[in-house]
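Below is one structure, written out as structure tokens; comments come after it.
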Amino acid sequence: MKNLTAPRPNVNPLALPVLALAGRAILTFRNVETGSHFTAIIRQKRDKKDRKIKLPAYNVWISLLGDGETRKRYAGLIFTDQPQIRMWVSREVPANDRLAQVFRWMVGAIQNPVVLRGTPSTVDGLVHNKVALFHENKCCHCGLTLTHPESIYTGIGPVCMKNLERELAAKDIKVAEIFAPVEAI
């Protein structure tokens, strides 16, 4: 009989804003209490004339558990051109649809990743995550398969991480804190 134990989350939830907006992220969010999950594919748009120019907009596709669909559905766009992240839900998705609700929740979690964390446990005193975050063993920045062991915990390959560290240092963000390995679930 196959072991039905859920895999251990491999990404620190505090890294969500960096990973989701890295350029080529495939992230799975699992509700620890209910066991439900969804997978989001977040791709940064590029200029049509010069493909090297990245735009401050991201296409988002979401695959929901138990929605009767076997494929990902286009949810809309995320815009990062202003201090506050904005979103646009696709015209094909009704406002009260579960896909639209999940998309809005995910954008809120990107803006404030602390919502993924729980409160300290009364049993062991540790803060257990309410939502576990996984990546698909591909770099969330360039999309290449991750082979370096350290990259499995961060979701970003070593070369992309060096480039990202420079960008985050300019914004006074401490990389070591947001990419610390997940201790408990």
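Residues in the structure tokens are named by chain (A, B, ... in the order shown) and by number from 1 within that chain; ligands are numbered from 1 in the order shown.
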
Which residues are near Arg46 (chain A)? Cut-off 10 Å, only C-alpha atoms, ignore same chain within fewer than 4 positions. Put them as a PyMOL selection string. chain A and resi 23+50-58

Selection near Tyr74 (chain A), 9 Å with only C-alpha atoms, sequence-local residues under 6 positions removed, as a ChimeraX atom specification: /A:59-63,89-90,92-93

Identify, with DSSP run on backbone atoms, the residues in region 1-160 of chain A assigned to helix (DSSP H, G or I), and express the list as a PyMOL selection string. chain A and resi 13-20+98-111+113-116+149-154+158-160

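CA of Asn137 (chain A) lies 27.4 Å from CA of Ala170 (chain A).
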
Excluding Trp105 (chain A) and any residue of its chain fewer than 2 positions from it, enumerate the residues within 12 Å of it, using only C-alpha atoms, and give them as a PyMOL selection string. chain A and resi 29+38+40+87+98-103+107-113+115-116+131

Atoms kept (N, CA and C atoms) for selection, written as a JSON list (two decimals), in the first residue's frame:
[["chain", "number", "residue", "atom", "x", "y", "z"],
["A", 29, "PHE", "N", -0.36, 25.74, -3.17],
["A", 29, "PHE", "CA", -0.78, 26.15, -1.84],
["A", 29, "PHE", "C", -1.66, 25.04, -1.28],
["A", 38, "PHE", "N", -4.47, 24.22, -4.31],
["A", 38, "PHE", "CA", -4.54, 24.72, -5.68],
["A", 38, "PHE", "C", -3.12, 25.03, -6.14],
["A", 40, "ALA", "N", -0.86, 27.46, -8.76],
["A", 40, "ALA", "CA", -0.86, 28.70, -9.54],
["A", 40, "ALA", "C", 0.39, 28.77, -10.40],
["A", 87, "MET", "N", -4.73, 43.80, -9.29],
["A", 87, "MET", "CA", -5.07, 42.60, -10.05],
["A", 87, "MET", "C", -6.26, 42.88, -10.96],
["A", 98, "ARG", "N", -15.41, 30.41, -7.75],
["A", 98, "ARG", "CA", -14.37, 29.95, -6.83],
["A", 98, "ARG", "C", -12.98, 30.33, -7.32],
["A", 99, "LEU", "N", -12.77, 30.30, -8.63],
["A", 99, "LEU", "CA", -11.48, 30.67, -9.21],
["A", 99, "LEU", "C", -11.16, 32.13, -8.88],
["A", 100, "ALA", "N", -12.14, 33.03, -9.02],
["A", 100, "ALA", "CA", -11.93, 34.44, -8.72],
["A", 100, "ALA", "C", -11.64, 34.64, -7.23],
["A", 101, "GLN", "N", -12.32, 33.90, -6.37],
["A", 101, "GLN", "CA", -12.10, 34.00, -4.93],
["A", 101, "GLN", "C", -10.68, 33.55, -4.57],
["A", 102, "VAL", "N", -10.25, 32.43, -5.15],
["A", 102, "VAL", "CA", -8.91, 31.92, -4.88],
["A", 102, "VAL", "C", -7.86, 32.90, -5.40],
["A", 103, "PHE", "N", -8.09, 33.46, -6.57],
["A", 103, "PHE", "CA", -7.16, 34.42, -7.16],
["A", 103, "PHE", "C", -7.03, 35.65, -6.24],
["A", 107, "VAL", "N", -3.56, 36.86, -4.26],
["A", 107, "VAL", "CA", -2.96, 38.19, -4.39],
["A", 107, "VAL", "C", -2.83, 38.84, -3.00],
["A", 108, "GLY", "N", -3.84, 38.64, -2.15],
["A", 108, "GLY", "CA", -3.75, 39.14, -0.78],
["A", 108, "GLY", "C", -2.60, 38.49, -0.02],
["A", 109, "ALA", "N", -2.38, 37.19, -0.24],
["A", 109, "ALA", "CA", -1.28, 36.48, 0.41],
["A", 109, "ALA", "C", 0.07, 36.95, -0.12],
["A", 110, "ILE", "N", 0.14, 37.30, -1.40],
["A", 110, "ILE", "CA", 1.39, 37.84, -1.96],
["A", 110, "ILE", "C", 1.70, 39.18, -1.31],
["A", 111, "GLN", "N", 0.67, 40.00, -1.10],
["A", 111, "GLN", "CA", 0.86, 41.30, -0.46],
["A", 111, "GLN", "C", 1.22, 41.16, 1.02],
["A", 112, "ASN", "N", 0.66, 40.15, 1.68],
["A", 112, "ASN", "CA", 0.89, 39.95, 3.11],
["A", 112, "ASN", "C", 1.05, 38.45, 3.39],
["A", 113, "PRO", "N", 2.25, 37.89, 3.21],
["A", 113, "PRO", "CA", 2.43, 36.45, 3.35],
["A", 113, "PRO", "C", 2.26, 35.93, 4.77],
["A", 115, "VAL", "N", -0.34, 35.88, 6.38],
["A", 115, "VAL", "CA", -1.63, 35.18, 6.47],
["A", 115, "VAL", "C", -1.46, 33.68, 6.28],
["A", 116, "LEU", "N", -0.36, 33.25, 5.70],
["A", 116, "LEU", "CA", -0.11, 31.83, 5.52],
["A", 116, "LEU", "C", 0.33, 31.17, 6.83],
["A", 131, "VAL", "N", -1.14, 27.38, 5.81],
["A", 131, "VAL", "CA", -1.06, 27.04, 4.39],
["A", 131, "VAL", "C", 0.38, 26.66, 4.08]]

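One finds CA of His37 (chain A) at 29.0 Å from CA of Ile173 (chain A).
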
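Restricting the calculation to only C-alpha atoms, the smallest distance between Ala132 (chain A) and any of A:Glu165, A:Ile26, A:Asn31, A:Val18 is found for A:Asn31.
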
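Distances from A:Leu144, A:Ile85, A:Leu133, A:Ala75 to Leu21 (chain A) were compared using only C-alpha atoms, and the smallest one belongs to A:Ile85.
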
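With only C-alpha atoms as the basis for measurement, A:Ala22 is the residue among A:Leu27, A:Leu146, A:Val114, A:Ala22 that approaches Asn163 (chain A) most closely.
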
Can you list, as a count of residues only, every protein, DNA or RNA residue that comes within 10 Å of Ala25 (chain A) when you count only C-alpha atoms, leaving out same-chain residues fewer than 3 positions away? 22

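Each of A:Glu150, A:Met161, A:Asp97, A:Met106 was compared to Pro17 (chain A) using only C-alpha atoms, and A:Met106 turns out to be the nearest.
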
Please give the complete set of residues from region 1-52 of chain A that DSSP, run on the backbone, assigns to strand (DSSP E or B), formatted as a VMD selection string. chain A and resid 11 24 to 31 37 to 46

Take the residues just selected and output them with N, CA and C atoms as a PDB file, in the first residue's frame.
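Output file again21.pdb is given in full below:
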ATOM      1  N   VAL A  11       8.997  25.289   0.925  1.00  0.00           N
ATOM      2  CA  VAL A  11       9.261  26.711   0.749  1.00  0.00           C
ATOM      3  C   VAL A  11       8.749  27.468   1.972  1.00  0.00           C
ATOM      4  N   ARG A  24       8.709  33.136 -13.408  1.00  0.00           N
ATOM      5  CA  ARG A  24       8.196  31.883 -13.976  1.00  0.00           C
ATOM      6  C   ARG A  24       7.818  30.902 -12.864  1.00  0.00           C
ATOM      7  N   ALA A  25       7.014  31.342 -11.933  1.00  0.00           N
ATOM      8  CA  ALA A  25       6.699  30.542 -10.752  1.00  0.00           C
ATOM      9  C   ALA A  25       5.567  29.549 -10.997  1.00  0.00           C
ATOM     10  N   ILE A  26       5.732  28.361 -10.434  1.00  0.00           N
ATOM     11  CA  ILE A  26       4.665  27.366 -10.343  1.00  0.00           C
ATOM     12  C   ILE A  26       4.620  26.977  -8.873  1.00  0.00           C
ATOM     13  N   LEU A  27       3.577  27.437  -8.176  1.00  0.00           N
ATOM     14  CA  LEU A  27       3.482  27.243  -6.737  1.00  0.00           C
ATOM     15  C   LEU A  27       2.185  26.528  -6.379  1.00  0.00           C
ATOM     16  N   THR A  28       2.269  25.626  -5.418  1.00  0.00           N
ATOM     17  CA  THR A  28       1.088  24.940  -4.916  1.00  0.00           C
ATOM     18  C   THR A  28       0.866  25.363  -3.473  1.00  0.00           C
ATOM     19  N   PHE A  29      -0.364  25.741  -3.170  1.00  0.00           N
ATOM     20  CA  PHE A  29      -0.776  26.153  -1.838  1.00  0.00           C
ATOM     21  C   PHE A  29      -1.664  25.042  -1.284  1.00  0.00           C
ATOM     22  N   ARG A  30      -1.314  24.511  -0.104  1.00  0.00           N
ATOM     23  CA  ARG A  30      -2.132  23.459   0.503  1.00  0.00           C
ATOM     24  C   ARG A  30      -2.614  23.923   1.872  1.00  0.00           C
ATOM     25  N   ASN A  31      -3.932  23.892   2.078  1.00  0.00           N
ATOM     26  CA  ASN A  31      -4.512  24.205   3.374  1.00  0.00           C
ATOM     27  C   ASN A  31      -4.218  23.021   4.285  1.00  0.00           C
ATOM     28  N   HIS A  37      -6.098  22.005  -1.921  1.00  0.00           N
ATOM     29  CA  HIS A  37      -4.960  22.723  -2.490  1.00  0.00           C
ATOM     30  C   HIS A  37      -5.311  23.289  -3.862  1.00  0.00           C
ATOM     31  N   PHE A  38      -4.467  24.219  -4.311  1.00  0.00           N
ATOM     32  CA  PHE A  38      -4.536  24.721  -5.680  1.00  0.00           C
ATOM     33  C   PHE A  38      -3.122  25.025  -6.143  1.00  0.00           C
ATOM     34  N   THR A  39      -2.934  24.991  -7.451  1.00  0.00           N
ATOM     35  CA  THR A  39      -1.636  25.293  -8.046  1.00  0.00           C
ATOM     36  C   THR A  39      -1.781  26.529  -8.918  1.00  0.00           C
ATOM     37  N   ALA A  40      -0.855  27.457  -8.762  1.00  0.00           N
ATOM     38  CA  ALA A  40      -0.860  28.699  -9.540  1.00  0.00           C
ATOM     39  C   ALA A  40       0.390  28.766 -10.405  1.00  0.00           C
ATOM     40  N   ILE A  41       0.188  29.139 -11.642  1.00  0.00           N
ATOM     41  CA  ILE A  41       1.295  29.379 -12.565  1.00  0.00           C
ATOM     42  C   ILE A  41       1.307  30.882 -12.803  1.00  0.00           C
ATOM     43  N   ILE A  42       2.417  31.512 -12.475  1.00  0.00           N
ATOM     44  CA  ILE A  42       2.513  32.968 -12.550  1.00  0.00           C
ATOM     45  C   ILE A  42       3.684  33.313 -13.463  1.00  0.00           C
ATOM     46  N   ARG A  43       3.390  33.869 -14.632  1.00  0.00           N
ATOM     47  CA  ARG A  43       4.416  34.181 -15.644  1.00  0.00           C
ATOM     48  C   ARG A  43       4.466  35.683 -15.902  1.00  0.00           C
ATOM     49  N   GLN A  44       5.670  36.230 -15.819  1.00  0.00           N
ATOM     50  CA  GLN A  44       5.841  37.645 -16.097  1.00  0.00           C
ATOM     51  C   GLN A  44       5.726  37.902 -17.588  1.00  0.00           C
ATOM     52  N   LYS A  45       5.000  38.969 -17.930  1.00  0.00           N
ATOM     53  CA  LYS A  45       4.841  39.341 -19.331  1.00  0.00           C
ATOM     54  C   LYS A  45       6.118  40.028 -19.818  1.00  0.00           C
ATOM     55  N   ARG A  46       6.346  39.918 -21.118  1.00  0.00           N
ATOM     56  CA  ARG A  46       7.502  40.557 -21.740  1.00  0.00           C
ATOM     57  C   ARG A  46       7.031  41.440 -22.893  1.00  0.00           C
TER      58      ARG A  46
END

Separation of CA of Pro83 (chain A) and CA of Ala180 (chain A), in Å? 25.5 Å

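Closest approach to Lys130 (chain A) from the set A:Arg117, A:Arg71, A:His148, A:Arg166 is made by A:Arg117, with distances taken over only C-alpha atoms.
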